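**Student:** Sharing upload-v7.cif here; it has mmCIF, C-alpha atoms.
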```
data_entry
#
loop_
_atom_site.label_atom_id
_atom_site.label_comp_id
_atom_site.auth_asym_id
_atom_site.auth_seq_id
_atom_site.Cartn_x
_atom_site.Cartn_y
_atom_site.Cartn_z
CA MET A 113 7.84 -12.78 -53.22
CA GLU A 114 4.18 -12.09 -53.51
CA CYS A 115 2.66 -8.88 -52.25
CA ARG A 116 0.38 -10.77 -49.85
CA GLU A 117 3.39 -12.16 -48.03
CA MET A 118 4.95 -8.72 -48.14
CA VAL A 119 2.03 -7.19 -46.25
CA VAL A 120 2.68 -9.57 -43.36
CA LEU A 121 6.31 -8.50 -43.47
CA ILE A 122 5.32 -4.84 -43.51
CA HIS A 123 3.34 -5.29 -40.29
CA GLU A 124 6.14 -7.17 -38.64
CA CYS A 125 8.49 -4.40 -39.67
CA LEU A 126 6.16 -1.80 -38.13
CA ASP A 127 6.18 -3.82 -34.89
CA GLY A 128 9.98 -3.80 -34.98
CA GLU A 129 10.09 -7.58 -35.21
CA THR A 130 11.99 -8.04 -38.45
CA ASP A 131 15.67 -8.84 -38.79
CA GLU A 132 18.16 -7.26 -41.17
CA LEU A 133 17.56 -9.85 -43.90
CA ALA A 134 13.79 -9.37 -43.90
CA ASN A 135 14.19 -5.60 -43.91
CA GLN A 136 16.43 -5.88 -46.94
CA SER A 137 14.03 -8.04 -48.91
CA LEU A 138 11.18 -5.70 -47.98
CA LEU A 139 13.12 -2.66 -49.19
CA ASN A 140 14.05 -4.43 -52.43
CA HIS A 141 10.45 -5.39 -53.03
CA MET A 142 9.16 -1.89 -52.36
CA LYS A 143 11.60 -0.42 -54.85
CA THR A 144 9.76 -2.25 -57.60
CA CYS A 145 6.22 -2.57 -56.21
CA SER A 146 4.39 0.72 -55.88
CA SER A 147 1.28 -0.76 -54.27
CA CYS A 148 3.31 -2.19 -51.40
CA ARG A 149 5.14 1.09 -51.08
CA GLN A 150 1.80 2.85 -50.90
CA HIS A 151 0.53 0.32 -48.35
CA MET A 152 3.52 0.81 -46.09
CA HIS A 153 3.19 4.55 -46.36
CA GLU A 154 -0.47 4.49 -45.43
CA LEU A 155 0.12 2.27 -42.43
CA GLN A 156 2.85 4.61 -41.23
CA ARG A 157 0.38 7.45 -41.57
CA VAL A 158 -2.14 5.50 -39.46
CA ILE A 159 0.39 5.20 -36.67
CA VAL A 160 1.35 8.85 -36.74
CA PHE A 161 -2.33 9.71 -36.94
CA VAL A 162 -3.28 7.73 -33.83
CA GLN A 163 -0.23 9.01 -32.00
CA SER A 164 -1.25 12.55 -32.83
CA ALA A 165 -4.20 12.19 -30.47
CA SER A 166 -3.33 14.98 -28.11
CA HIS A 167 -2.81 14.07 -24.53
CA ILE A 168 -5.71 15.29 -22.49
CA HIS A 169 -5.81 15.78 -18.77
CA VAL A 170 -8.38 14.86 -16.22
CA SER A 171 -10.01 17.67 -14.26
CA PRO A 172 -7.78 19.08 -11.50
CA ASP A 173 -9.95 18.03 -8.56
CA PHE A 174 -10.02 14.40 -9.70
CA THR A 175 -7.75 13.03 -6.96
CA ALA A 176 -9.70 14.82 -4.24
CA ARG A 177 -12.97 13.41 -5.58
CA VAL A 178 -11.58 9.86 -5.64
CA LEU A 179 -10.27 10.19 -2.08
CA ALA A 180 -13.64 11.53 -0.91
CA LYS A 181 -15.30 8.41 -2.26
CA LEU A 182 -13.04 5.94 -0.54
CA PRO A 183 -14.64 3.95 2.27
CA ALA A 184 -13.98 5.44 5.70
CA PRO A 185 -10.89 4.00 7.37
CA THR A 186 -11.75 1.31 9.88
CA LYS A 187 -10.91 1.66 13.60
CA LYS A 188 -8.33 -1.07 13.17
CA ASN A 189 -6.55 0.87 10.45
CA LEU A 190 -6.57 4.06 12.49
CA PHE A 191 -5.08 2.21 15.44
CA SER A 192 -2.37 0.53 13.40
CA SER A 193 -1.43 3.77 11.67
CA TRP A 194 -1.18 5.43 15.09
CA LEU A 195 1.15 2.63 16.19
CA ARG A 196 3.27 3.12 13.08
CA ASN A 197 3.53 6.83 13.71
CA HIS A 198 4.59 6.45 17.35
CA PRO A 199 7.09 3.56 17.38
CA PHE A 200 8.72 4.66 20.61
CA LEU A 201 5.52 4.81 22.61
CA THR A 202 4.50 1.48 21.13
CA ALA A 203 7.74 -0.13 22.22
CA ALA A 204 7.40 1.38 25.69
CA ALA A 205 3.84 0.10 26.01
CA VAL A 206 4.80 -3.40 24.90
CA PHE A 207 7.71 -3.40 27.33
CA PHE A 208 5.49 -2.23 30.17
CA VAL A 209 2.85 -4.89 29.51
CA LEU A 210 5.39 -7.71 29.34
CA MET A 211 7.17 -6.42 32.43
CA ALA A 212 3.98 -6.13 34.47
CA GLY A 213 2.91 -9.55 33.25
CA SER A 214 6.06 -11.35 34.26
CA LEU A 215 6.29 -9.55 37.60
CA SER A 216 2.71 -10.24 38.55
CA ALA A 217 3.15 -13.85 37.48
CA ASN A 218 6.02 -14.03 39.98
CA TRP A 219 3.76 -12.54 42.59
CA PHE A 220 0.94 -14.99 42.09
CA ASP A 221 3.12 -18.04 41.65
CA ARG A 222 4.65 -17.88 45.12
CA ASN A 223 3.58 -20.28 47.87
CA ASP A 224 3.28 -19.80 51.57
CA ILE A 225 6.49 -21.48 52.64
CA LEU A 226 8.96 -19.31 54.50
CA GLN A 227 11.86 -18.53 52.21
CA VAL A 228 15.07 -16.89 53.28
CA SER A 229 17.91 -15.76 51.13
CA SER A 230 21.11 -14.48 52.61
CA ALA A 231 24.84 -15.01 52.32
CA ASN A 232 25.13 -16.04 55.95
CA MET A 233 22.31 -18.49 56.51
CA ASP A 234 24.13 -20.16 59.39
CA LYS A 235 24.08 -17.05 61.54
CA LEU A 236 20.30 -16.60 61.27
CA LYS A 237 17.84 -17.99 63.73
CA ILE A 238 14.60 -19.15 62.22
CA ASP A 239 11.61 -19.27 64.51
CA ARG A 240 9.18 -21.53 62.69
CA GLU A 241 6.38 -21.09 65.18
CA ARG A 242 6.20 -17.36 64.94
CA ASN A 243 7.32 -17.45 61.31
CA VAL A 244 10.08 -15.03 62.07
CA VAL A 245 13.69 -14.86 60.96
CA VAL A 246 15.88 -13.42 63.64
CA VAL A 247 19.26 -11.80 63.23
CA PRO A 248 20.56 -12.44 66.74
CA ALA A 249 22.26 -9.69 68.69
CA GLY A 250 25.99 -9.65 68.29
CA THR A 251 26.03 -11.29 64.85
CA SER A 252 26.71 -9.48 61.65
CA ILE A 253 25.48 -10.52 58.24
CA ASP A 254 27.11 -9.53 54.98
CA GLY A 255 24.92 -8.64 52.03
CA ASP A 256 21.17 -8.41 51.66
CA LEU A 257 18.70 -10.39 53.67
CA VAL A 258 15.48 -11.23 51.87
CA VAL A 259 12.66 -13.10 53.58
CA ARG A 260 9.44 -14.25 51.99
CA ASN A 261 6.26 -15.10 53.82
CA GLY A 262 7.57 -14.13 57.21
CA ASP A 263 8.72 -11.33 59.44
CA VAL A 264 12.27 -10.27 60.12
CA GLU A 265 13.57 -9.25 63.47
CA VAL A 266 16.91 -7.53 63.38
CA GLN A 267 18.83 -7.39 66.64
CA GLY A 268 22.35 -7.58 65.29
CA GLU A 269 24.04 -6.02 62.29
CA VAL A 270 23.19 -6.38 58.58
CA ARG A 271 25.62 -4.98 56.04
CA GLY A 272 23.05 -4.62 53.30
CA ASN A 273 19.31 -4.27 52.78
CA VAL A 274 16.66 -6.06 54.77
CA VAL A 275 13.54 -6.94 52.82
CA ALA A 276 10.47 -8.77 54.01
CA ILE A 277 8.04 -9.84 51.34
CA GLU A 278 4.59 -10.52 52.75
CA GLY A 279 5.94 -9.73 56.16
CA LYS A 280 7.23 -7.02 58.41
CA VAL A 281 10.67 -5.89 59.41
CA PHE A 282 11.21 -5.27 63.11
CA VAL A 283 14.38 -3.40 63.93
CA ALA A 284 15.55 -3.54 67.53
CA SER A 285 17.33 -0.62 69.13
CA THR A 286 20.57 -2.57 69.08
CA ALA A 287 20.32 -3.28 65.40
CA GLN A 288 22.48 -1.80 62.72
CA VAL A 289 21.30 -2.00 59.13
CA VAL A 290 23.63 -0.51 56.57
CA GLY A 291 21.11 -0.57 53.70
CA ASN A 292 17.36 -0.03 53.69
CA THR A 293 14.67 -1.98 55.43
CA GLU A 294 11.54 -2.68 53.48
CA SER A 295 8.36 -4.64 53.89
CA ILE A 296 6.43 -5.53 50.83
CA GLU A 297 2.83 -6.51 51.24
CA ALA A 298 0.95 -5.52 48.12
CA ILE A 299 1.47 -6.28 44.47
CA VAL A 300 2.11 -2.66 43.68
CA ASP A 301 4.92 -2.59 46.22
CA TRP A 302 6.24 -5.78 44.75
CA ILE A 303 6.37 -4.41 41.23
CA TRP A 304 7.95 -1.21 42.46
CA TYR A 305 10.54 -3.23 44.32
CA GLU A 306 11.37 -5.32 41.25
CA VAL A 307 11.64 -2.26 39.03
CA LYS A 308 13.89 -0.58 41.57
CA ASN A 309 16.05 -3.69 41.68
CA ILE A 310 16.39 -3.70 37.91
CA GLY A 311 17.21 0.00 38.04
CA ASN A 312 19.82 -0.55 40.71
CA ASP A 313 21.34 -3.38 38.75
CA LEU A 314 21.51 -1.24 35.65
CA LEU A 315 22.88 1.89 37.27
CA PRO A 316 26.42 0.60 37.85
CA ILE A 317 26.55 -0.51 34.23
CA MET A 318 25.50 2.91 33.06
CA ARG A 319 28.04 4.57 35.23
CA MET B 224 10.19 4.50 -10.74
CA ASP B 225 9.24 0.89 -10.15
CA PHE B 226 10.83 1.07 -6.74
CA VAL B 227 8.85 4.15 -5.77
CA GLU B 228 5.65 2.50 -6.96
CA LYS B 229 6.39 -0.62 -4.98
CA ARG B 230 6.84 1.39 -1.83
CA LEU B 231 3.66 3.32 -2.52
CA THR B 232 1.57 0.21 -3.18
CA GLU B 233 2.88 -1.45 -0.04
CA ARG B 234 1.98 1.60 2.01
CA ALA B 235 -1.42 1.89 0.34
CA LYS B 236 -2.06 -1.79 1.04
CA ARG B 237 -1.64 -1.06 4.73
CA GLY B 238 -4.33 1.59 4.47
CA ASP B 239 -2.11 4.64 3.97
CA ARG B 240 -4.30 7.13 2.10
CA GLU B 241 -1.51 9.54 1.30
CA ALA B 242 0.34 6.80 -0.56
CA PHE B 243 -2.83 5.92 -2.43
CA ALA B 244 -3.33 9.59 -3.35
CA GLU B 245 0.16 9.62 -4.84
CA LEU B 246 -0.65 6.56 -6.94
CA VAL B 247 -3.77 8.33 -8.18
CA GLU B 248 -1.67 11.35 -9.11
CA ILE B 249 0.77 9.18 -11.07
CA TYR B 250 -1.87 7.30 -13.04
CA LYS B 251 -4.90 9.58 -13.29
CA ASP B 252 -4.04 11.10 -16.66
CA LYS B 253 -2.98 7.79 -18.22
CA ILE B 254 -6.16 6.06 -17.12
CA PHE B 255 -8.35 9.01 -18.08
CA GLN B 256 -6.66 9.13 -21.48
CA LEU B 257 -7.36 5.45 -22.08
CA ALA B 258 -10.97 5.80 -20.98
CA TYR B 259 -11.52 8.95 -23.01
CA ARG B 260 -10.22 7.35 -26.20
CA MET B 261 -12.37 4.30 -25.51
CA VAL B 262 -15.68 6.02 -24.78
CA GLY B 263 -15.22 9.35 -26.52
CA ASN B 264 -16.48 11.81 -23.92
CA ARG B 265 -15.06 13.39 -20.82
CA GLN B 266 -17.91 12.65 -18.45
CA ASP B 267 -18.00 8.90 -19.01
CA ALA B 268 -14.22 8.79 -19.12
CA GLU B 269 -13.93 10.48 -15.72
CA ASP B 270 -16.54 8.10 -14.31
CA ILE B 271 -14.55 5.14 -15.57
CA ALA B 272 -11.27 6.54 -14.28
CA GLN B 273 -12.83 7.14 -10.88
CA GLU B 274 -14.31 3.65 -10.78
CA THR B 275 -10.91 2.25 -11.75
CA PHE B 276 -9.21 3.85 -8.77
CA LEU B 277 -11.98 2.85 -6.38
CA ARG B 278 -11.61 -0.75 -7.54
CA VAL B 279 -7.86 -0.54 -7.19
CA TYR B 280 -8.33 0.64 -3.61
CA ALA B 281 -10.88 -2.03 -2.78
CA ASN B 282 -8.74 -4.82 -4.26
CA LEU B 283 -5.29 -3.70 -3.18
CA HIS B 284 -4.99 -6.74 -0.93
CA THR B 285 -5.27 -9.01 -3.98
CA TYR B 286 -2.58 -7.14 -5.92
CA ASP B 287 0.37 -9.40 -6.62
CA ALA B 288 3.53 -7.31 -6.32
CA SER B 289 5.42 -9.57 -8.73
CA TYR B 290 3.47 -7.89 -11.55
CA LYS B 291 3.93 -4.28 -12.47
CA PHE B 292 1.37 -2.03 -10.85
CA SER B 293 0.76 -0.32 -14.21
CA THR B 294 -0.20 -3.66 -15.78
CA TRP B 295 -2.73 -4.27 -13.07
CA ILE B 296 -4.34 -0.84 -13.16
CA TYR B 297 -4.48 -0.81 -16.98
CA ARG B 298 -6.20 -4.19 -16.87
CA ILE B 299 -8.87 -2.93 -14.48
CA ALA B 300 -9.43 0.19 -16.58
CA THR B 301 -9.55 -1.72 -19.89
CA ASN B 302 -12.09 -4.17 -18.52
CA LEU B 303 -14.24 -1.35 -17.19
CA CYS B 304 -14.18 0.42 -20.57
CA ILE B 305 -15.17 -2.71 -22.44
CA ASP B 306 -17.91 -3.54 -19.93
CA ARG B 307 -19.25 -0.02 -20.19
CA GLY B 308 -19.49 -0.37 -23.95
CA ARG B 309 -21.20 -3.74 -23.67
CA LYS B 310 -24.17 -2.78 -21.56
CA LYS B 311 -25.99 0.20 -22.86
CA ARG B 312 -26.12 2.79 -20.15
CA PRO B 313 -29.61 3.23 -18.78
CA ASP B 314 -31.26 6.41 -19.94
CA PHE B 315 -31.91 9.03 -17.36
CA SER B 316 -33.10 12.56 -17.28
CA LEU B 317 -30.77 15.44 -16.60
CA ASP B 318 -33.51 16.95 -14.45
CA GLU B 319 -33.34 14.06 -12.04
CA GLU B 320 -31.62 14.69 -8.75
CA VAL B 321 -28.18 13.16 -8.45
CA GLU B 322 -28.87 12.01 -4.93
CA PRO B 323 -32.37 12.45 -3.62
CA GLY B 324 -32.73 15.35 -1.20
CA GLN B 325 -29.54 17.18 -2.15
CA GLY B 326 -31.11 19.50 -4.66
CA LEU B 327 -28.44 18.81 -7.27
CA ASP B 328 -29.60 17.75 -10.68
CA TRP B 329 -27.45 16.14 -13.33
CA TYR B 330 -26.87 19.46 -15.10
CA SER B 331 -24.48 20.33 -12.29
CA ARG B 332 -22.42 17.30 -13.20
CA LEU B 333 -21.99 18.20 -16.84
CA SER B 334 -18.54 19.37 -17.77
CA SER B 335 -18.61 23.02 -18.57
CA SER B 336 -18.95 23.88 -22.23
CA GLU B 337 -15.85 26.02 -22.00
CA ARG B 338 -13.04 24.38 -23.90
CA THR B 339 -9.97 23.22 -22.04
CA PRO B 340 -6.71 24.56 -23.47
CA GLU B 341 -6.02 21.24 -25.19
CA ASP B 342 -9.29 21.47 -27.01
CA LYS B 343 -8.61 24.99 -28.22
CA VAL B 344 -5.62 24.12 -30.36
CA VAL B 345 -5.98 24.47 -34.06
CA THR B 346 -5.77 20.74 -34.61
CA GLN B 347 -9.13 20.27 -32.97
CA GLU B 348 -10.58 18.95 -36.19
CA LEU B 349 -7.82 16.40 -36.51
CA GLN B 350 -8.47 15.35 -32.92
CA GLN B 351 -12.10 14.76 -33.73
CA THR B 352 -11.08 12.69 -36.73
CA VAL B 353 -8.82 10.51 -34.62
CA GLN B 354 -11.60 9.99 -32.12
CA ASP B 355 -14.12 9.15 -34.88
CA ALA B 356 -11.74 6.71 -36.52
CA LEU B 357 -11.03 4.96 -33.23
CA SER B 358 -14.71 4.76 -32.37
CA HIS B 359 -15.31 2.78 -35.55
CA LEU B 360 -13.01 0.03 -34.38
CA GLN B 361 -14.39 -2.85 -32.37
CA PRO B 362 -13.57 -2.37 -28.68
CA LYS B 363 -11.12 -5.28 -28.62
CA TYR B 364 -9.09 -3.65 -31.41
CA ARG B 365 -9.65 -0.13 -30.15
CA SER B 366 -8.30 -0.86 -26.66
CA ILE B 367 -5.17 -2.45 -28.05
CA MET B 368 -4.51 0.33 -30.53
CA ILE B 369 -4.87 2.87 -27.71
CA LEU B 370 -2.57 0.94 -25.39
CA ARG B 371 0.00 0.56 -28.18
CA TYR B 372 0.04 4.00 -29.79
CA ILE B 373 -1.45 6.43 -27.28
CA GLU B 374 -0.28 4.91 -24.01
CA ASP B 375 2.90 3.83 -25.81
CA LEU B 376 3.14 0.37 -24.23
CA SER B 377 5.17 -2.57 -25.55
CA LEU B 378 3.56 -5.66 -27.04
CA GLN B 379 4.64 -7.63 -23.99
CA GLU B 380 3.01 -5.18 -21.59
CA ILE B 381 -0.23 -5.20 -23.58
CA SER B 382 -0.18 -8.99 -23.59
CA ASP B 383 0.15 -8.92 -19.78
CA ILE B 384 -2.65 -6.39 -19.42
CA VAL B 385 -5.27 -8.17 -21.51
CA LYS B 386 -3.98 -11.64 -20.59
CA LEU B 387 -3.75 -12.79 -24.19
CA PRO B 388 -0.76 -14.30 -25.98
CA ILE B 389 1.52 -11.87 -27.73
CA THR B 390 0.68 -13.37 -31.13
CA THR B 391 -2.97 -12.45 -30.60
CA ILE B 392 -1.94 -8.90 -29.72
CA LYS B 393 0.07 -8.68 -32.93
CA THR B 394 -2.84 -9.94 -35.00
CA ARG B 395 -5.14 -7.38 -33.43
CA ILE B 396 -2.70 -4.56 -34.02
CA HIS B 397 -2.28 -5.61 -37.65
CA ARG B 398 -6.04 -5.71 -38.15
CA GLY B 399 -6.48 -2.45 -36.26
CA ARG B 400 -3.94 -0.73 -38.47
CA GLU B 401 -5.56 -2.11 -41.63
CA ALA B 402 -9.02 -1.04 -40.48
CA LEU B 403 -7.82 2.49 -39.73
CA ARG B 404 -5.98 2.56 -43.04
CA SER B 405 -9.12 1.94 -45.05
CA LYS B 406 -10.98 4.41 -42.80
CA LEU B 407 -8.41 7.14 -43.48
CA ARG B 408 -8.47 6.46 -47.20
CA LEU B 409 -12.16 7.38 -47.23
CA MET B 410 -11.53 10.62 -45.39
#
```
Can you present the structure in this file as structure tokens?
**Tutor:**
Amino acid sequence: MECREMVVLIHECLDGETDELANQSLLNHMKTCSSCRQHMHELQRVIVFVQSASHIHVSPDFTARVLAKLPAPTKKNLFSSWLRNHPFLTAAAVFFVLMAGSLSANWFDRNDILQVSSANMDKLKIDRERNVVVVPAGTSIDGDLVVRNGDVEVQGEVRGNVVAIEGKVFVASTAQVVGNTESIEAIVDWIWYEVKNIGNDLLPIMR
Amino acid sequence: MDFVEKRLTERAKRGDREAFAELVEIYKDKIFQLAYRMVGNRQDAEDIAQETFLRVYANLHTYDASYKFSTWIYRIATNLCIDRGRKKRPDFSLDEEVEPGQGLDWYSRLSSSERTPEDKVVTQELQQTVQDALSHLQPKYRSIMILRYIEDLSLQEISDIVKLPITTIKTRIHRGREALRSKLRLM
């Protein structure tokens, strides 16, 4: 082979791209050709020479100087990094917002029709004119009695809570209410009532 | 290593400065080394290294995580070095103030004449020879020789960095080696 072709092979060999066969033919050639041997040697020296460039280090305060030059963090970034650092508070805030939203939606969605919910509807007397639900004397009602958009007059017995939403609860002297009586007239009361309900529902589970 | 870098770049992307500072720590010497061998003096090299990191920070949102971070940062640094060589730096006086009204002139920015420990070693003359020899290469050969033999990168990585086919990289390395060979013969 000619030396010119060999030089190409020498470079490929230095790049580690030659196979066993090529290496062999290169070695054989260099045994007889001193100029190629010299060439190879000089190229190897070049590599060692460049590699001998000592590794220098940047000045110690380099990182601090770079950081000082960065653009100031935007408000948005500060806020999002705060959120990342306080995941629990974030979750609580999200929960609170959703909760308040759905509860107040309930509050505003209602209409003005008198609504009664009880397990013993048949025993109740509903006075449409005065917009009052009456628990007549001598009757007893199991479970909670919830009335919306009207008052409640309890003369008999209720084995549970009595709640009037947007109304008042009147308890006669003959009345017996096992649970609590409550009138809810403002949104804050409403939310408090809903939260309490959820709490009460959860408590038995936690016990 | 790659995994750590991935985490760091993701965090830095979201504006986490501590993560970015760690990336700077990992790469500052490599980038400074490349810049220093390209331009031949500490001051310009530090400027280029600093500019590299500022660009990395400003363009983090465009960084494609399917590439190695090192490839990306080397590319930015290489381009900056070559650009710097292309346009002659405007002349300025050392007596000028760095920023008007701060009372600092450019003398305060000069690196101190005291030698760093690396410079003190006996091989200082050899070091100067290496630097001289490299500076005689054209920038497109110089950058590739530095990436190959000083930064110790593979042909494939260099090809990714400069976005040229691997055969072109090989040709440039061959020519770079030959050019340095004839340079060394004269010395």
**Student:** May I ask which of the residues A:Val283, A:Leu126, A:Ser216, A:Gln227 is the closest one to Pro248 in chain A, counting only C-alpha atoms?
**Tutor:**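 Of A:Val283, A:Leu126, A:Ser216, A:Gln227, the one nearest Pro248 in chain A, counting only C-alpha atoms, is A:Val283.
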**Student:** Compile the contact shell of range 245-251 of chain B as a list in words: residues with an atom at most 8 Å away, counting only C-alpha atoms, same-chain residues fewer than 4 positions apart removed.
**Tutor:**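 My reading of the contact set: Val170, Phe174 and Thr175 of chain A; Glu228, Leu231, Thr232, Glu241, Phe255, Ala272 and Phe276 of chain B.
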**Student:** Could you tell me how far CA of Gln379 in chain B lies from CA of Asp270 in chain B, in Å and to one decimal?
**Tutor:** 28.1 Å
**Student:** Please identify every residue of chain B that has at least one atom no more than 8 Å from any atom of chain A, counting all atoms listed in the file, and report them as a ChimeraX atom specification.
**Tutor:** /B:237-240,244,247-248,251-252,255-256,269,273,276-277,280,341,350,353-354,369,372-373,397,400-401,403-404,407
**Student:** Select all residues near (-6.1, -0.7, -12.7) (cut-off 12 Å, inclusive, file coordinates), counting all atoms listed in the file, and output them as an MDAnalysis selection string.
**Tutor:** chainID B and resid 246:247 250:251 253:255 257:258 271:283 286 291:304 384:385
**Student:** For the structure shown, which residues end up in the PyMOL selection byres ((chain A and resi 253) around 7)? Put them as a list in words, please?
**Tutor:** Asn232, Thr251, Ser252, Asp254, Gly255, Glu269, Val270 and Arg271 of chain A
**Student:** What gap, in Å, lies between CA of Cys115 in chain A and CA of Cys145 in chain A?
**Tutor:**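 Rounded to one decimal, the two atoms are 8.3 Å apart.
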**Student:** Distance CA of Met233 in chain A-CA of Gln267 in chain A, one decimal place?
**Tutor:**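 Distance reported for this atom pair: 15.4 Å.
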**Student:** Using the chain letters and numbers from this file, what does the PyMOL selection byres ((chain A and resi 241-245) around 7) select? Give the answer as an MDAnalysis selection string.
**Tutor:** chainID A and resid 236:240 246:247 262:265
**Student:** Could you list as a PDB file with C-alpha atoms, in the coordinates of the input every residue that has an atom within 12 Å of (-12.8, 2.4, -30.3), using the file's coordinates and counting only C-alpha atoms?
**Tutor:**
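And here is the file that came out, point_18.pdb:
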```pdb
ATOM      1  CA  VAL A 162      -3.280   7.730 -33.830  1.00  0.00           C
TER       2      VAL A 162
ATOM      3  CA  LEU B 257      -7.360   5.450 -22.080  1.00  0.00           C
ATOM      4  CA  ALA B 258     -10.970   5.800 -20.980  1.00  0.00           C
ATOM      5  CA  TYR B 259     -11.520   8.950 -23.010  1.00  0.00           C
ATOM      6  CA  ARG B 260     -10.220   7.350 -26.200  1.00  0.00           C
ATOM      7  CA  MET B 261     -12.370   4.300 -25.510  1.00  0.00           C
ATOM      8  CA  VAL B 262     -15.680   6.020 -24.780  1.00  0.00           C
ATOM      9  CA  GLY B 263     -15.220   9.350 -26.520  1.00  0.00           C
ATOM     10  CA  ASN B 264     -16.480  11.810 -23.920  1.00  0.00           C
ATOM     11  CA  THR B 301      -9.550  -1.720 -19.890  1.00  0.00           C
ATOM     12  CA  CYS B 304     -14.180   0.420 -20.570  1.00  0.00           C
ATOM     13  CA  ILE B 305     -15.170  -2.710 -22.440  1.00  0.00           C
ATOM     14  CA  GLY B 308     -19.490  -0.370 -23.950  1.00  0.00           C
ATOM     15  CA  VAL B 353      -8.820  10.510 -34.620  1.00  0.00           C
ATOM     16  CA  GLN B 354     -11.600   9.990 -32.120  1.00  0.00           C
ATOM     17  CA  ASP B 355     -14.120   9.150 -34.880  1.00  0.00           C
ATOM     18  CA  ALA B 356     -11.740   6.710 -36.520  1.00  0.00           C
ATOM     19  CA  LEU B 357     -11.030   4.960 -33.230  1.00  0.00           C
ATOM     20  CA  SER B 358     -14.710   4.760 -32.370  1.00  0.00           C
ATOM     21  CA  HIS B 359     -15.310   2.780 -35.550  1.00  0.00           C
ATOM     22  CA  LEU B 360     -13.010   0.030 -34.380  1.00  0.00           C
ATOM     23  CA  GLN B 361     -14.390  -2.850 -32.370  1.00  0.00           C
ATOM     24  CA  PRO B 362     -13.570  -2.370 -28.680  1.00  0.00           C
ATOM     25  CA  LYS B 363     -11.120  -5.280 -28.620  1.00  0.00           C
ATOM     26  CA  TYR B 364      -9.090  -3.650 -31.410  1.00  0.00           C
ATOM     27  CA  ARG B 365      -9.650  -0.130 -30.150  1.00  0.00           C
ATOM     28  CA  SER B 366      -8.300  -0.860 -26.660  1.00  0.00           C
ATOM     29  CA  ILE B 367      -5.170  -2.450 -28.050  1.00  0.00           C
ATOM     30  CA  MET B 368      -4.510   0.330 -30.530  1.00  0.00           C
ATOM     31  CA  ILE B 369      -4.870   2.870 -27.710  1.00  0.00           C
ATOM     32  CA  LEU B 370      -2.570   0.940 -25.390  1.00  0.00           C
ATOM     33  CA  GLY B 399      -6.480  -2.450 -36.260  1.00  0.00           C
ATOM     34  CA  ALA B 402      -9.020  -1.040 -40.480  1.00  0.00           C
ATOM     35  CA  LEU B 403      -7.820   2.490 -39.730  1.00  0.00           C
TER      36      LEU B 403
END
```
**Student:** Return the single residue from A:Ala276, A:Val258, A:Leu139, A:Ala203 that is closest to Cys125 in chain A, with distances computed using only C-alpha atoms.
**Tutor:**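 Closest residue, counting only C-alpha atoms: A:Leu139.
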